[in-house]
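Printed here is my_file-v4.tsv (TSV, N, CA and C atoms):
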chain	number	residue	atom	x	y	z
A	112	MET	N	111.98	107.15	92.87
A	112	MET	CA	113.08	106.43	92.28
A	112	MET	C	114.38	106.96	92.87
A	113	ALA	N	114.89	106.28	93.82
A	113	ALA	CA	116.10	106.71	94.48
A	113	ALA	C	117.32	106.17	93.74
A	114	LEU	N	118.32	107.01	93.61
A	114	LEU	CA	119.58	106.60	93.02
A	114	LEU	C	120.68	106.83	94.03
A	115	SER	N	121.47	105.81	94.29
A	115	SER	CA	122.61	106.01	95.16
A	115	SER	C	123.80	106.39	94.28
A	116	GLN	N	124.78	107.03	94.85
A	116	GLN	CA	125.95	107.43	94.09
A	116	GLN	C	126.65	106.20	93.50
A	117	ALA	N	126.50	105.05	94.14
A	117	ALA	CA	127.14	103.83	93.64
A	117	ALA	C	126.47	103.29	92.38
A	118	HIS	N	125.26	103.75	92.09
A	118	HIS	CA	124.50	103.21	90.96
A	118	HIS	C	124.19	104.23	89.88
A	119	VAL	N	124.84	105.37	89.91
A	119	VAL	CA	124.60	106.38	88.89
A	119	VAL	C	125.39	106.00	87.64
A	120	PRO	N	124.71	105.78	86.53
A	120	PRO	CA	125.42	105.37	85.31
A	120	PRO	C	126.23	106.52	84.72
A	121	ASP	N	127.35	106.15	84.11
A	121	ASP	CA	128.21	107.14	83.46
A	121	ASP	C	127.64	107.63	82.14
A	122	SER	N	126.80	106.83	81.52
A	122	SER	CA	126.35	107.14	80.17
A	122	SER	C	125.04	107.93	80.10
A	123	PHE	N	124.47	108.28	81.25
A	123	PHE	CA	123.23	109.03	81.27
A	123	PHE	C	123.40	110.29	82.10
A	124	TYR	N	122.86	111.38	81.60
A	124	TYR	CA	122.69	112.59	82.39
A	124	TYR	C	121.48	112.33	83.26
A	125	LEU	N	121.56	112.59	84.55
A	125	LEU	CA	120.50	112.18	85.47
A	125	LEU	C	119.09	112.58	85.05
A	126	PRO	N	118.83	113.82	84.63
A	126	PRO	CA	117.46	114.12	84.19
A	126	PRO	C	117.01	113.24	83.03
A	127	GLU	N	117.93	112.89	82.15
A	127	GLU	CA	117.60	112.01	81.04
A	127	GLU	C	117.22	110.62	81.58
A	128	LEU	N	117.94	110.15	82.57
A	128	LEU	CA	117.65	108.85	83.17
A	128	LEU	C	116.24	108.82	83.75
A	129	TRP	N	115.88	109.86	84.51
A	129	TRP	CA	114.53	109.90	85.08
A	129	TRP	C	113.46	110.02	84.00
A	130	SER	N	113.75	110.77	82.95
A	130	SER	CA	112.79	110.90	81.86
A	130	SER	C	112.55	109.55	81.18
A	131	VAL	N	113.63	108.85	80.87
A	131	VAL	CA	113.50	107.53	80.24
A	131	VAL	C	112.78	106.57	81.18
A	132	ALA	N	113.16	106.58	82.45
A	132	ALA	CA	112.52	105.69	83.42
A	132	ALA	C	111.01	105.94	83.47
A	133	SER	N	110.61	107.20	83.44
A	133	SER	CA	109.18	107.50	83.50
A	133	SER	C	108.45	106.95	82.28
A	134	ARG	N	109.08	107.02	81.13
A	134	ARG	CA	108.46	106.49	79.91
A	134	ARG	C	108.36	104.96	79.96
A	135	VAL	N	109.37	104.33	80.52
A	135	VAL	CA	109.33	102.87	80.67
A	135	VAL	C	108.21	102.48	81.62
A	136	TYR	N	108.12	103.17	82.75
A	136	TYR	CA	107.05	102.87	83.71
A	136	TYR	C	105.67	103.06	83.08
A	137	LEU	N	105.50	104.11	82.30
A	137	LEU	CA	104.21	104.31	81.63
A	137	LEU	C	103.92	103.17	80.67
A	138	ALA	N	104.93	102.73	79.92
A	138	ALA	CA	104.74	101.63	78.98
A	138	ALA	C	104.39	100.33	79.71
A	139	LEU	N	104.84	100.21	80.95
A	139	LEU	CA	104.53	99.02	81.76
A	139	LEU	C	103.21	99.15	82.51
A	140	GLY	N	102.53	100.27	82.30
A	140	GLY	CA	101.25	100.48	82.97
A	140	GLY	C	101.39	100.85	84.44
A	141	GLN	N	102.46	101.54	84.78
A	141	GLN	CA	102.72	101.94	86.16
A	141	GLN	C	102.83	103.47	86.26
A	142	PRO	N	101.69	104.16	86.16
A	142	PRO	CA	101.74	105.62	86.17
A	142	PRO	C	102.26	106.21	87.48
A	143	GLY	N	102.02	105.53	88.59
A	143	GLY	CA	102.53	106.04	89.86
A	143	GLY	C	104.05	106.04	89.90
A	144	ALA	N	104.65	104.97	89.43
A	144	ALA	CA	106.11	104.90	89.38
A	144	ALA	C	106.65	105.91	88.38
A	145	ALA	N	105.95	106.11	87.28
A	145	ALA	CA	106.37	107.11	86.28
A	145	ALA	C	106.36	108.50	86.91
A	146	SER	N	105.33	108.80	87.66
A	146	SER	CA	105.23	110.10	88.33
A	146	SER	C	106.35	110.27	89.35
A	147	MET	N	106.66	109.22	90.09
A	147	MET	CA	107.74	109.29	91.08
A	147	MET	C	109.08	109.57	90.40
A	148	ALA	N	109.33	108.96	89.26
A	148	ALA	CA	110.57	109.20	88.52
A	148	ALA	C	110.63	110.66	88.06
A	149	LEU	N	109.53	111.17	87.55
A	149	LEU	CA	109.49	112.56	87.11
A	149	LEU	C	109.69	113.53	88.27
A	150	GLN	N	109.09	113.24	89.40
A	150	GLN	CA	109.23	114.12	90.56
A	150	GLN	C	110.66	114.10	91.08
A	151	ALA	N	111.30	112.93	91.05
A	151	ALA	CA	112.71	112.84	91.47
A	151	ALA	C	113.59	113.68	90.54
A	152	GLY	N	113.32	113.61	89.25
A	152	GLY	CA	114.07	114.42	88.29
A	152	GLY	C	113.83	115.90	88.51
A	153	ARG	N	112.59	116.27	88.73
A	153	ARG	CA	112.25	117.68	88.99
A	153	ARG	C	112.99	118.17	90.23
A	154	GLN	N	112.97	117.37	91.29
A	154	GLN	CA	113.64	117.78	92.53
A	154	GLN	C	115.14	117.96	92.32
A	155	TRP	N	115.76	117.07	91.55
A	155	TRP	CA	117.19	117.18	91.28
A	155	TRP	C	117.48	118.46	90.51
A	156	ILE	N	116.71	118.72	89.47
A	156	ILE	CA	116.93	119.92	88.66
A	156	ILE	C	116.78	121.17	89.51
A	157	GLU	N	115.73	121.23	90.32
A	157	GLU	CA	115.51	122.41	91.18
A	157	GLU	C	116.62	122.56	92.22
A	158	GLN	N	117.09	121.45	92.78
A	158	GLN	CA	118.15	121.50	93.78
A	158	GLN	C	119.45	122.00	93.15
A	159	VAL	N	119.79	121.48	91.99
A	159	VAL	CA	121.01	121.92	91.30
A	159	VAL	C	120.89	123.39	90.91
A	160	ALA	N	119.74	123.77	90.38
A	160	ALA	CA	119.54	125.17	90.00
A	160	ALA	C	119.71	126.09	91.19
A	161	GLY	N	119.18	125.68	92.33
A	161	GLY	CA	119.23	126.53	93.52
A	161	GLY	C	120.57	126.57	94.23
A	162	THR	N	121.38	125.53	94.06
A	162	THR	CA	122.63	125.46	94.82
A	162	THR	C	123.90	125.55	93.98
A	163	GLN	N	123.81	125.23	92.68
A	163	GLN	CA	125.03	125.17	91.88
A	163	GLN	C	125.04	126.10	90.68
A	164	VAL	N	123.90	126.65	90.34
A	164	VAL	CA	123.81	127.52	89.17
A	164	VAL	C	123.72	128.97	89.65
A	165	PRO	N	124.62	129.83	89.20
A	165	PRO	CA	124.55	131.23	89.59
A	165	PRO	C	123.20	131.85	89.22
A	166	ALA	N	122.71	132.71	90.07
A	166	ALA	CA	121.38	133.31	89.90
A	166	ALA	C	121.10	133.83	88.49
A	167	PRO	N	122.04	134.53	87.83
A	167	PRO	CA	121.73	135.04	86.50
A	167	PRO	C	121.47	133.96	85.45
A	168	PHE	N	121.87	132.71	85.74
A	168	PHE	CA	121.75	131.64	84.76
A	168	PHE	C	120.67	130.61	85.11
A	169	ARG	N	120.00	130.78	86.24
A	169	ARG	CA	119.02	129.78	86.68
A	169	ARG	C	117.85	129.62	85.72
A	170	GLU	N	117.30	130.71	85.27
A	170	GLU	CA	116.16	130.62	84.35
A	170	GLU	C	116.55	129.88	83.07
A	171	SER	N	117.73	130.16	82.58
A	171	SER	CA	118.22	129.47	81.39
A	171	SER	C	118.41	127.98	81.68
A	172	PHE	N	118.98	127.65	82.83
A	172	PHE	CA	119.19	126.25	83.22
A	172	PHE	C	117.85	125.51	83.27
A	173	LEU	N	116.84	126.16	83.77
A	173	LEU	CA	115.53	125.52	83.92
A	173	LEU	C	114.75	125.46	82.61
A	174	GLN	N	114.86	126.48	81.76
A	174	GLN	CA	113.98	126.58	80.60
A	174	GLN	C	114.64	126.33	79.25
A	175	ARG	N	115.92	126.53	79.14
A	175	ARG	CA	116.55	126.45	77.82
A	175	ARG	C	117.28	125.14	77.55
A	176	ILE	N	117.39	124.31	78.55
A	176	ILE	CA	117.96	122.98	78.34
A	176	ILE	C	116.78	122.06	78.07
A	177	PRO	N	116.70	121.52	76.86
A	177	PRO	CA	115.49	120.77	76.47
A	177	PRO	C	115.07	119.67	77.43
A	178	ILE	N	115.99	118.86	77.94
A	178	ILE	CA	115.59	117.78	78.84
A	178	ILE	C	115.05	118.34	80.15
A	179	HIS	N	115.59	119.45	80.62
A	179	HIS	CA	115.08	120.07	81.84
A	179	HIS	C	113.66	120.58	81.63
A	180	ARG	N	113.48	121.31	80.54
A	180	ARG	CA	112.17	121.88	80.23
A	180	ARG	C	111.12	120.77	80.09
A	181	ASP	N	111.46	119.72	79.34
A	181	ASP	CA	110.53	118.60	79.13
A	181	ASP	C	110.21	117.88	80.43
A	182	LEU	N	111.24	117.56	81.20
A	182	LEU	CA	111.02	116.82	82.44
A	182	LEU	C	110.20	117.65	83.43
A	183	MET	N	110.52	118.93	83.55
A	183	MET	CA	109.78	119.79	84.48
A	183	MET	C	108.30	119.89	84.09
A	184	LEU	N	108.03	120.04	82.79
A	184	LEU	CA	106.65	120.12	82.32
A	184	LEU	C	105.92	118.80	82.57
A	185	ARG	N	106.56	117.69	82.23
A	185	ARG	CA	105.94	116.38	82.45
A	185	ARG	C	105.73	116.12	83.94
A	186	ALA	N	106.67	116.55	84.78
A	186	ALA	CA	106.52	116.36	86.23
A	186	ALA	C	105.34	117.19	86.75
A	187	LEU	N	105.20	118.40	86.25
A	187	LEU	CA	104.07	119.25	86.63
A	187	LEU	C	102.75	118.60	86.26
A	188	ARG	N	102.65	118.11	85.03
A	188	ARG	CA	101.43	117.45	84.57
A	188	ARG	C	101.17	116.18	85.37
A	189	SER	N	102.22	115.43	85.65
A	189	SER	CA	102.10	114.18	86.40
A	189	SER	C	101.64	114.46	87.84
A	190	GLY	N	102.18	115.50	88.43
A	190	GLY	CA	101.81	115.86	89.80
A	190	GLY	C	100.36	116.31	89.88
A	191	ALA	N	99.90	116.97	88.84
A	191	ALA	CA	98.50	117.43	88.81
A	191	ALA	C	97.55	116.27	88.66
A	192	ALA	N	98.02	115.18	88.02
A	192	ALA	CA	97.17	114.02	87.77
A	192	ALA	C	97.10	113.08	88.96
A	193	THR	N	98.09	113.19	89.87
A	193	THR	CA	98.12	112.25	91.00
A	193	THR	C	97.50	112.85	92.23
Would you put the structure from the file into structure tokens?
Amino acid sequence: MALSQAHVPDSFYLPELWSVASRVYLALGQPGAASMALQAGRQWIEQVAGTQVPAPFRESFLQRIPIHRDLMLRALRSGAAT
């Protein structure tokens, strides 16, 4: 699920957008698309953590923000299933 900067909504935090998209795809019976949305979210979170979050705060960024924790776990499970 690619997002261009021209199409990023103002009302959604990107990980939340990918999480919602994955749930919609699952409801539509499209597990492959759901997995792709989760993987895109996981990649964004990991990229931001690695490049924009100071090292002492990375673990917290990854584990203590509920949407990050949920999306990363769901992406891991989805990747294992595909």
> What residues in chain A get the DSSP label helix (DSSP H, G or I)? Please answer as a ChimeraX atom specification.
Replying inline: /A:116-118,125-138,142-163,166-174,177-192
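Using all atoms listed in the file, the nearest neighbour of Ser130 in chain A within the list A:Ile176, A:Gly161, A:Arg169, A:Leu149 is A:Leu149.
Restricting the calculation to all atoms listed in the file, the smallest distance between Ile178 in chain A and any of A:Pro165, A:Pro126, A:Ala144, A:His118 is found for A:Pro126.
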>> Would you pick out the contacts of Ser189 in chain A at 12 Å or less, using only C-alpha atoms, so that residues sharing its chain but fewer than 2 positions from it are not included, and give the list as a ChimeraX atom specification?
In response: /A:133-134,137,142-151,153,181-187,191-193
> Mind pulling up the distance from CA of Glu157 in chain A to CA of Ala132 in chain A?
Replying inline: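 According to the coordinates, CA of Ala132 in chain A and CA of Glu157 in chain A are separated by 18.7 Å.
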> Interatomic distance between atom C of His179 in chain A and CA of Trp155 in chain A?
Replying inline: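 Atom-to-atom, atom C of His179 in chain A to CA of Trp155 in chain A, that is 10.8 Å.
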> In Å, with one decimal, what is the gap from CA of Ile156 in chain A to CA of Val135 in chain A?
Replying inline: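 The value is 20.3 Å.
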